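Enquirer: The file below is final38.txt, compact mmCIF, C-alpha atoms:
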```
# COMPACT_ATOMS: atom_id res chain seq x y z
CA MET A 1 -106.42 32.62 52.65
CA ASN A 2 -105.71 28.93 53.27
CA ARG A 3 -103.86 26.83 50.73
CA ILE A 4 -106.92 25.10 49.21
CA ASP A 5 -108.63 28.45 48.61
CA ARG A 6 -105.41 29.84 47.15
CA LEU A 7 -105.06 26.88 44.74
CA TYR A 8 -108.55 27.56 43.39
CA ALA A 9 -107.79 31.27 43.20
CA VAL A 10 -104.51 30.66 41.31
CA VAL A 11 -106.38 28.64 38.70
CA GLU A 12 -108.96 31.41 38.26
CA GLU A 13 -106.24 34.08 38.09
CA LEU A 14 -104.40 32.17 35.35
CA ARG A 15 -107.60 31.51 33.49
CA ALA A 16 -108.52 35.21 33.59
CA ALA A 17 -105.04 36.14 32.34
CA GLY A 18 -105.55 34.06 29.20
CA LEU A 19 -102.63 33.87 26.77
CA ARG A 20 -100.76 36.64 28.60
CA GLY A 21 -100.23 34.35 31.56
CA ARG A 22 -98.73 35.30 34.90
CA THR A 23 -95.22 34.90 36.22
CA ALA A 24 -94.60 33.24 39.58
CA ARG A 25 -93.52 36.63 40.94
CA GLN A 26 -96.73 38.30 39.75
CA LEU A 27 -98.79 35.56 41.39
CA ALA A 28 -96.76 35.81 44.60
CA THR A 29 -97.34 39.57 44.75
CA HIS A 30 -101.05 39.18 44.02
CA PHE A 31 -101.61 36.56 46.73
CA GLU A 32 -99.12 38.10 49.17
CA VAL A 33 -97.00 34.96 49.55
CA SER A 34 -93.44 34.07 48.58
CA VAL A 35 -92.41 33.02 45.07
CA ARG A 36 -91.36 29.67 46.51
CA THR A 37 -94.88 29.13 47.91
CA ILE A 38 -96.42 29.90 44.50
CA GLU A 39 -94.00 27.51 42.81
CA ARG A 40 -95.08 24.76 45.21
CA ASP A 41 -98.73 25.59 44.49
CA LEU A 42 -98.15 25.41 40.72
CA SER A 43 -96.38 22.08 41.13
CA ALA A 44 -99.31 20.72 43.14
CA LEU A 45 -101.79 21.93 40.51
CA GLY A 46 -99.76 20.27 37.76
CA GLN A 47 -99.66 16.99 39.67
CA ALA A 48 -103.44 17.21 40.15
CA GLY A 49 -103.93 17.36 36.39
CA VAL A 50 -104.48 21.08 35.85
CA PRO A 51 -103.28 21.80 32.26
CA LEU A 52 -100.54 24.34 33.00
CA ALA A 53 -98.18 25.55 30.29
CA THR A 54 -95.14 27.81 30.44
CA LYS A 55 -94.06 30.57 28.06
CA GLN A 56 -90.33 31.16 27.80
CA GLY A 57 -88.53 34.44 27.30
CA ARG A 58 -89.45 38.02 28.07
CA GLY A 59 -93.05 38.37 29.07
CA GLY A 60 -93.29 34.63 29.66
CA GLY A 61 -95.00 32.92 32.53
CA PHE A 62 -97.61 30.33 33.34
CA THR A 63 -100.81 29.94 31.34
CA ILE A 64 -103.86 27.70 31.53
CA ASP A 65 -106.54 26.57 29.10
CA ARG A 66 -109.37 29.12 29.38
CA SER A 67 -111.93 26.31 29.29
CA MET A 68 -110.50 25.10 32.61
CA SER A 69 -112.23 26.56 35.64
CA LEU A 70 -112.87 25.49 39.20
CA PRO A 71 -115.86 25.78 39.24
CA PRO A 72 -117.18 27.03 35.83
CA LEU A 73 -118.64 30.53 35.82
CA ASN A 74 -121.59 31.25 33.57
CA PHE A 75 -122.93 34.80 33.77
CA THR A 76 -125.82 36.14 31.72
CA PRO A 77 -125.31 39.61 30.23
CA ARG A 78 -127.69 41.14 32.80
CA GLU A 79 -125.91 39.39 35.67
CA ALA A 80 -122.57 40.73 34.48
CA ALA A 81 -124.00 44.24 34.06
CA ALA A 82 -125.52 44.04 37.57
CA VAL A 83 -122.16 43.05 39.07
CA ALA A 84 -120.43 45.88 37.18
CA VAL A 85 -122.96 48.39 38.52
CA ALA A 86 -122.58 47.05 42.07
CA LEU A 87 -118.78 47.18 41.94
CA SER A 88 -118.86 50.67 40.47
CA ARG A 89 -120.87 52.00 43.42
CA THR A 90 -117.73 52.06 45.53
CA GLU A 91 -114.12 52.69 44.68
CA HIS A 92 -112.98 52.26 48.27
CA VAL A 93 -109.23 52.01 48.52
CA LEU A 94 -109.47 48.75 50.48
CA PHE A 95 -111.45 46.88 47.85
CA ARG A 96 -110.61 48.67 44.58
CA LYS A 97 -107.98 46.18 43.39
CA ASP A 98 -110.00 43.10 44.33
CA ALA A 99 -113.19 44.47 42.79
CA ARG A 100 -111.43 45.04 39.47
CA SER A 101 -109.84 41.58 39.64
CA ALA A 102 -113.26 40.00 40.28
CA LEU A 103 -114.79 41.82 37.32
CA GLN A 104 -111.86 40.81 35.11
CA LYS A 105 -112.53 37.14 35.92
CA ILE A 106 -116.21 37.51 35.06
CA ILE A 107 -115.34 39.15 31.74
CA ALA A 108 -112.80 36.43 30.93
CA ALA A 109 -115.44 33.73 31.43
CA MET A 110 -118.01 35.28 29.07
CA PRO A 111 -118.46 34.63 25.35
CA GLU A 112 -117.83 37.71 23.21
CA ARG A 113 -121.49 38.10 22.21
CA ALA A 114 -122.71 37.98 25.83
CA LEU A 115 -119.96 40.38 26.88
CA ALA A 116 -120.95 42.84 24.16
CA GLU A 117 -124.56 42.72 25.37
CA ALA A 118 -123.47 43.27 28.97
CA ARG A 119 -121.36 46.26 27.95
CA SER A 120 -124.27 47.71 25.99
CA ALA A 121 -126.57 47.37 29.02
CA ALA A 122 -124.03 48.88 31.42
CA ALA A 123 -123.47 51.82 29.05
CA LYS A 124 -127.08 52.88 29.61
CA VAL A 125 -126.65 53.17 33.40
CA ARG A 126 -125.35 56.21 35.27
CA LEU A 127 -124.47 56.38 38.97
CA LEU A 128 -124.68 59.56 41.01
CA VAL A 129 -121.54 59.74 43.13
CA GLN A 130 -120.33 62.20 45.71
CA PRO A 131 -116.56 62.77 45.86
CA VAL A 132 -115.29 61.86 49.33
CA PRO A 133 -111.79 61.95 50.82
CA ASP A 134 -109.93 58.66 50.48
CA PRO A 135 -107.96 57.34 53.45
CA ASP A 136 -104.26 56.69 52.97
CA ALA A 137 -103.95 53.28 51.30
CA GLU A 138 -101.22 51.99 53.61
CA ILE A 139 -103.06 53.13 56.74
CA ALA A 140 -106.30 51.61 55.47
CA GLU A 141 -104.56 48.29 54.84
CA THR A 142 -103.06 48.30 58.36
CA ILE A 143 -106.51 48.95 59.81
CA TRP A 144 -108.03 46.19 57.70
CA ARG A 145 -105.42 43.63 58.72
CA ALA A 146 -105.88 44.46 62.41
CA LEU A 147 -109.64 44.14 62.01
CA ARG A 148 -109.34 40.89 60.07
CA ASP A 149 -106.85 39.34 62.51
CA ASN A 150 -108.57 40.68 65.63
CA HIS A 151 -105.71 42.87 66.89
CA VAL A 152 -105.61 46.10 68.87
CA LEU A 153 -104.58 49.26 66.97
CA ARG A 154 -102.68 52.37 68.00
CA ILE A 155 -103.83 55.30 65.91
CA HIS A 156 -103.01 59.01 65.58
CA TYR A 157 -106.33 60.77 65.03
CA ILE A 158 -107.17 64.39 64.18
CA ASP A 159 -110.67 65.34 65.29
CA VAL A 160 -113.00 67.87 63.66
CA GLY A 161 -111.40 70.65 65.72
CA GLY A 162 -107.91 69.83 64.45
CA VAL A 163 -106.74 68.31 67.76
CA GLU A 164 -104.54 65.22 67.38
CA THR A 165 -104.67 62.40 69.93
CA VAL A 166 -102.95 59.03 70.14
CA ARG A 167 -105.29 56.21 71.07
CA GLU A 168 -105.37 52.46 71.42
CA VAL A 169 -108.57 51.08 69.94
CA GLU A 170 -110.19 47.69 69.39
CA PRO A 171 -111.49 47.65 65.78
CA GLN A 172 -115.07 46.53 65.17
CA HIS A 173 -116.11 47.44 61.61
CA VAL A 174 -115.02 49.35 58.53
CA VAL A 175 -118.02 51.44 57.46
CA VAL A 176 -118.17 52.60 53.84
CA GLY A 177 -120.69 55.40 53.34
CA PRO A 178 -121.67 58.26 51.05
CA ASN A 179 -119.73 60.81 53.12
CA GLY A 180 -116.52 58.82 53.52
CA SER A 181 -115.26 55.72 55.27
CA TYR A 182 -115.03 55.13 58.99
CA LEU A 183 -113.56 52.81 61.58
CA THR A 184 -115.80 51.86 64.48
CA ALA A 185 -113.90 50.71 67.55
CA TRP A 186 -113.81 50.50 71.32
CA CYS A 187 -111.58 53.39 72.40
CA HIS A 188 -109.37 52.83 75.46
CA LEU A 189 -108.97 56.58 75.91
CA ARG A 190 -112.73 57.28 76.09
CA GLU A 191 -113.67 53.82 77.42
CA ASP A 192 -116.56 53.68 74.98
CA ASP A 193 -117.47 52.82 71.39
CA ARG A 194 -116.30 55.50 68.96
CA VAL A 195 -116.41 56.23 65.22
CA PHE A 196 -113.28 57.55 63.47
CA ARG A 197 -113.11 59.09 60.00
CA MET A 198 -110.44 57.02 58.29
CA ASP A 199 -109.07 59.97 56.31
CA ARG A 200 -108.34 61.68 59.66
CA ILE A 201 -106.20 58.79 60.88
CA THR A 202 -102.63 59.91 60.16
CA GLU A 203 -100.83 56.85 61.57
CA ALA A 204 -101.89 53.30 62.40
CA GLU A 205 -99.89 50.55 64.07
CA ARG A 206 -101.11 47.03 64.73
CA LEU A 207 -100.31 45.87 68.27
CA PRO A 208 -99.69 42.20 69.18
CA ARG A 209 -102.63 42.15 71.60
CA LEU A 210 -106.14 40.77 71.34
CA PRO A 211 -109.18 42.89 72.16
CA HIS A 212 -111.15 42.20 75.33
CA PRO A 213 -114.32 40.17 74.68
CA ARG A 214 -117.28 42.57 74.66
CA PRO A 215 -120.52 43.00 72.69
CA VAL A 216 -120.03 44.70 69.32
CA PRO A 217 -122.91 47.03 68.41
CA GLU A 218 -124.15 47.27 64.85
CA PRO A 219 -122.87 50.64 63.55
CA VAL A 220 -125.13 53.43 62.39
CA VAL A 221 -122.98 56.36 61.30
CA ASP A 222 -124.20 59.87 60.57
CA GLY A 223 -127.83 58.74 60.77
CA HIS A 224 -127.47 56.05 58.09
CA GLU A 225 -128.55 52.45 58.51
CA THR A 226 -126.09 49.75 57.50
CA LYS A 227 -126.16 46.85 55.08
CA LEU A 228 -124.18 43.70 55.70
CA PRO A 229 -122.19 42.49 52.66
CA ALA A 230 -121.68 39.12 54.36
CA SER A 231 -125.37 38.39 53.75
CA ALA A 232 -124.80 38.57 50.00
CA LEU A 233 -122.34 35.66 50.32
CA ARG A 234 -125.09 33.47 51.78
CA PRO A 235 -127.92 33.78 49.24
CA GLU A 236 -129.39 30.46 50.42
CA ASP A 237 -130.30 32.16 53.72
CA LEU A 238 -132.21 35.01 52.08
CA LEU A 239 -135.99 34.89 51.84
CA PRO A 240 -137.75 36.02 48.64
CA ASN A 241 -138.25 39.79 48.46
CA SER A 242 -136.21 40.32 51.62
CA ASP A 243 -133.73 43.12 52.13
CA ILE A 244 -130.16 41.91 51.78
CA GLY A 245 -128.75 42.23 55.26
CA LEU A 246 -130.47 45.50 56.16
CA SER A 247 -129.72 46.38 59.76
CA ARG A 248 -132.87 47.10 61.76
CA THR A 249 -131.07 48.78 64.63
CA THR A 250 -132.40 52.17 65.65
CA GLU A 251 -129.24 53.30 67.42
CA THR A 252 -127.52 56.42 66.14
CA VAL A 253 -124.08 57.84 66.58
CA ASP A 254 -124.07 61.23 68.24
CA SER A 255 -121.93 64.15 67.09
CA ALA A 256 -119.15 63.38 69.58
CA ARG A 257 -118.84 59.86 68.32
CA TYR A 258 -118.99 61.00 64.73
CA THR A 259 -115.80 63.00 65.22
CA GLY A 260 -114.11 60.32 67.28
CA GLY A 261 -114.32 62.63 70.35
```
Starting from the file, lay out its structure as structure tokens.
Expert:
Amino acid sequence: MNRIDRLYAVVEELRAAGLRGRTARQLATHFEVSVRTIERDLSALGQAGVPLATKQGRGGGFTIDRSMSLPPLNFTPREAAAVAVALSRTEHVLFRKDARSALQKIIAAMPERALAEARSAAAKVRLLVQPVPDPDAEIAETIWRALRDNHVLRIHYIDVGGVETVREVEPQHVVVGPNGSYLTAWCHLREDDRVFRMDRITEAERLPRLPHPRPVPEPVVDGHETKLPASALRPEDLLPNSDIGLSRTTETVDSARYTGG
């Protein structure tokens, strides 16, 4: 996250916190920066005219007028219920904290009457879920950072037969599905694209090397097609009545690739 994006995000975080506020240390932990960096950000916001206030004593911190938002968020009750349903469809360890934070900000921006209507609508919806094994949170975060920063990974992987191998892989996608979550990657050991169940990765280490440039196939794991969440962040590109980022690839992953073979 660059500084401009973080400044906007700090304002929204403080606005969502309301009268409880947030300490500089809480903000630093949330945005994964130093306390000194957050203090500089808060100083810059104050100089830009953002109405910050401080609460002294135990439980004190920084607060902001709830009417202040960059930009203002106005959700209808049905929009808020739709977002709650969408976020509830996955509790993936990688996105659980951020999903809850996003929903908290939506709730904080809504009038009480609209919020009550949204809660009433959401209470009438039920989701069928299938319990799946969660990957280790620390391992999943290491994988995500390597994928985000375009780094090679060294992983310890246990295949379906219980055999453990150590591999260097070039991450391509995190795939979240009904049967679990997966990492797709180019495997140096097999010299081919492979799919790894993330809950079978027992260790992960990011290496200070960049992957080799090569085409990245669109993943289809266990016979499922994929949807692309990035498309939802560009609604202006979507045509009316179109599928949101539905992959049309017909490739499948065979049983060897499914297990990481």
Enquirer: If you measure from CA of Val169 (chain A) to CA of Tyr157 (chain A), what distance in Å do you get, rounded to one decimal?
Expert: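 Computing the Euclidean distance for CA of Val169 (chain A) and CA of Tyr157 (chain A) yields 11.1 Å.
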Enquirer: Any idea what the distance is between CA of Ile107 (chain A) and CA of Arg15 (chain A)?
Expert: 11.0 Å
Enquirer: Please compute the CA of Ser181 (chain A)-CA of Met198 (chain A) distance, one decimal, in Å.
Expert: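 So the two atoms, CA of Ser181 (chain A) and CA of Met198 (chain A), lie 5.8 Å apart.
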Enquirer: Applying 10 Å and only C-alpha atoms, which residues near Glu39 (chain A) remain after dropping the ones on its own chain fewer than 5 positions away? List them as a list of chain:residue names.
Expert: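 With the cut-off at 10 Å, the set is A:Thr23, A:Ala24, A:Arg25, A:Leu27, A:Ala28, A:Ser34, A:Ala44, A:Leu45.
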Enquirer: Using only C-alpha atoms, which residue out of A:Ile4, A:Ile64, A:Ala99, A:Ala118 lies closest to Ala81 (chain A)?
Expert: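 Closest residue, counting only C-alpha atoms: A:Ala118.
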Enquirer: Just want the 9 Å neighbourhood of Trp186 (chain A), counted on all atoms listed in the file, with same-chain residues fewer than 5 positions away dropped. Output as a PyMOL selection string.
Expert: chain A and resi 168-172+191-195+211+216
Enquirer: Of the residues A:Ala204, A:Ala122, A:Val35, A:Ala17, which is the one nearest to Thr142 (chain A), using only C-alpha atoms?
Expert: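 Smallest separation from Thr142 (chain A) among the options: A:Ala204.
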Enquirer: List the residues sitting within 12 Å of (-105.7, 36.0, 23.3) in the file's frame, using all atoms listed in the file, as a PyMOL selection string.
Expert: chain A and resi 15-21+63-66+108
Enquirer: Grab all the atoms of region 201-206 of chain A that the file lists, wrap them in a box along x, y and z, add 3 Å per side, and give me centre plus edge lengths in Å (one decimal) as lines of an AutoDock Vina configuration file.
Expert:
```
center_x = -103.0
center_y = 53.5
center_z = 62.4
size_x = 12.3
size_y = 18.9
size_z = 10.6
```
Enquirer: With 10 Å as the threshold, what does the neighbourhood of (-120.8, 60.5, 51.5) contain in terms of residues, counting only C-alpha atoms? Coordinates are those of the file; answer as a count of residues only.
Expert: 12
Enquirer: Would you list the contacts of Ala80 (chain A) as a ChimeraX atom specification, taking every protein, DNA or RNA residue within 10 Å and counting only C-alpha atoms, but skipping same-chain residues closer than 5 positions in sequence?
Expert: /A:74-75,85-86,103,106-107,110,114-115,117-119,121-122
Enquirer: Because the input lacks atoms here, generate N, CA, C and O atoms for region 71-87 of chain A and report them as a short mmCIF file (atom, residue, chain, number, x, y, z; two decimals), keeping the file's coordinate frame.
Expert:
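Dumped to out.cif:
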```cif
data_model
loop_
_atom_site.label_atom_id
_atom_site.label_comp_id
_atom_site.auth_asym_id
_atom_site.auth_seq_id
_atom_site.Cartn_x
_atom_site.Cartn_y
_atom_site.Cartn_z
N PRO A 71 -114.93 26.43 40.13
CA PRO A 71 -115.86 25.78 39.24
C PRO A 71 -116.14 26.67 38.02
O PRO A 71 -115.71 27.82 38.01
N PRO A 72 -116.88 26.19 36.99
CA PRO A 72 -117.18 27.03 35.83
C PRO A 72 -118.07 28.20 36.22
O PRO A 72 -118.96 28.09 37.06
N LEU A 73 -117.82 29.35 35.59
CA LEU A 73 -118.64 30.53 35.82
C LEU A 73 -119.43 30.82 34.55
O LEU A 73 -118.87 30.90 33.47
N ASN A 74 -120.74 30.95 34.71
CA ASN A 74 -121.59 31.25 33.57
C ASN A 74 -122.50 32.42 33.95
O ASN A 74 -123.47 32.25 34.69
N PHE A 75 -122.16 33.61 33.46
CA PHE A 75 -122.93 34.80 33.77
C PHE A 75 -123.75 35.21 32.56
O PHE A 75 -123.24 35.23 31.44
N THR A 76 -125.03 35.55 32.79
CA THR A 76 -125.82 36.14 31.72
C THR A 76 -125.37 37.59 31.55
O THR A 76 -124.75 38.17 32.46
N PRO A 77 -125.68 38.21 30.41
CA PRO A 77 -125.31 39.61 30.23
C PRO A 77 -125.87 40.52 31.32
O PRO A 77 -125.18 41.42 31.80
N ARG A 78 -127.11 40.30 31.75
CA ARG A 78 -127.69 41.14 32.80
C ARG A 78 -127.01 40.90 34.15
O ARG A 78 -126.84 41.83 34.94
N GLU A 79 -126.63 39.67 34.43
CA GLU A 79 -125.91 39.39 35.67
C GLU A 79 -124.57 40.12 35.68
O GLU A 79 -124.17 40.73 36.68
N ALA A 80 -123.86 40.05 34.56
CA ALA A 80 -122.57 40.73 34.48
C ALA A 80 -122.73 42.23 34.60
O ALA A 80 -121.95 42.91 35.29
N ALA A 81 -123.75 42.80 33.96
CA ALA A 81 -124.00 44.24 34.06
C ALA A 81 -124.35 44.61 35.50
O ALA A 81 -123.90 45.65 36.01
N ALA A 82 -125.14 43.77 36.19
CA ALA A 82 -125.52 44.04 37.57
C ALA A 82 -124.29 44.05 38.48
O ALA A 82 -124.16 44.90 39.36
N VAL A 83 -123.38 43.10 38.26
CA VAL A 83 -122.16 43.05 39.07
C VAL A 83 -121.30 44.29 38.80
O VAL A 83 -120.74 44.89 39.72
N ALA A 84 -121.21 44.69 37.52
CA ALA A 84 -120.43 45.88 37.18
C ALA A 84 -121.00 47.13 37.84
O ALA A 84 -120.26 47.97 38.36
N VAL A 85 -122.32 47.25 37.86
CA VAL A 85 -122.96 48.39 38.52
C VAL A 85 -122.67 48.36 40.02
O VAL A 85 -122.32 49.37 40.62
N ALA A 86 -122.81 47.18 40.63
CA ALA A 86 -122.58 47.05 42.07
C ALA A 86 -121.14 47.40 42.42
O ALA A 86 -120.89 48.13 43.40
N LEU A 87 -120.18 46.91 41.65
CA LEU A 87 -118.78 47.18 41.94
C LEU A 87 -118.43 48.64 41.70
O LEU A 87 -117.52 49.18 42.33
#
```
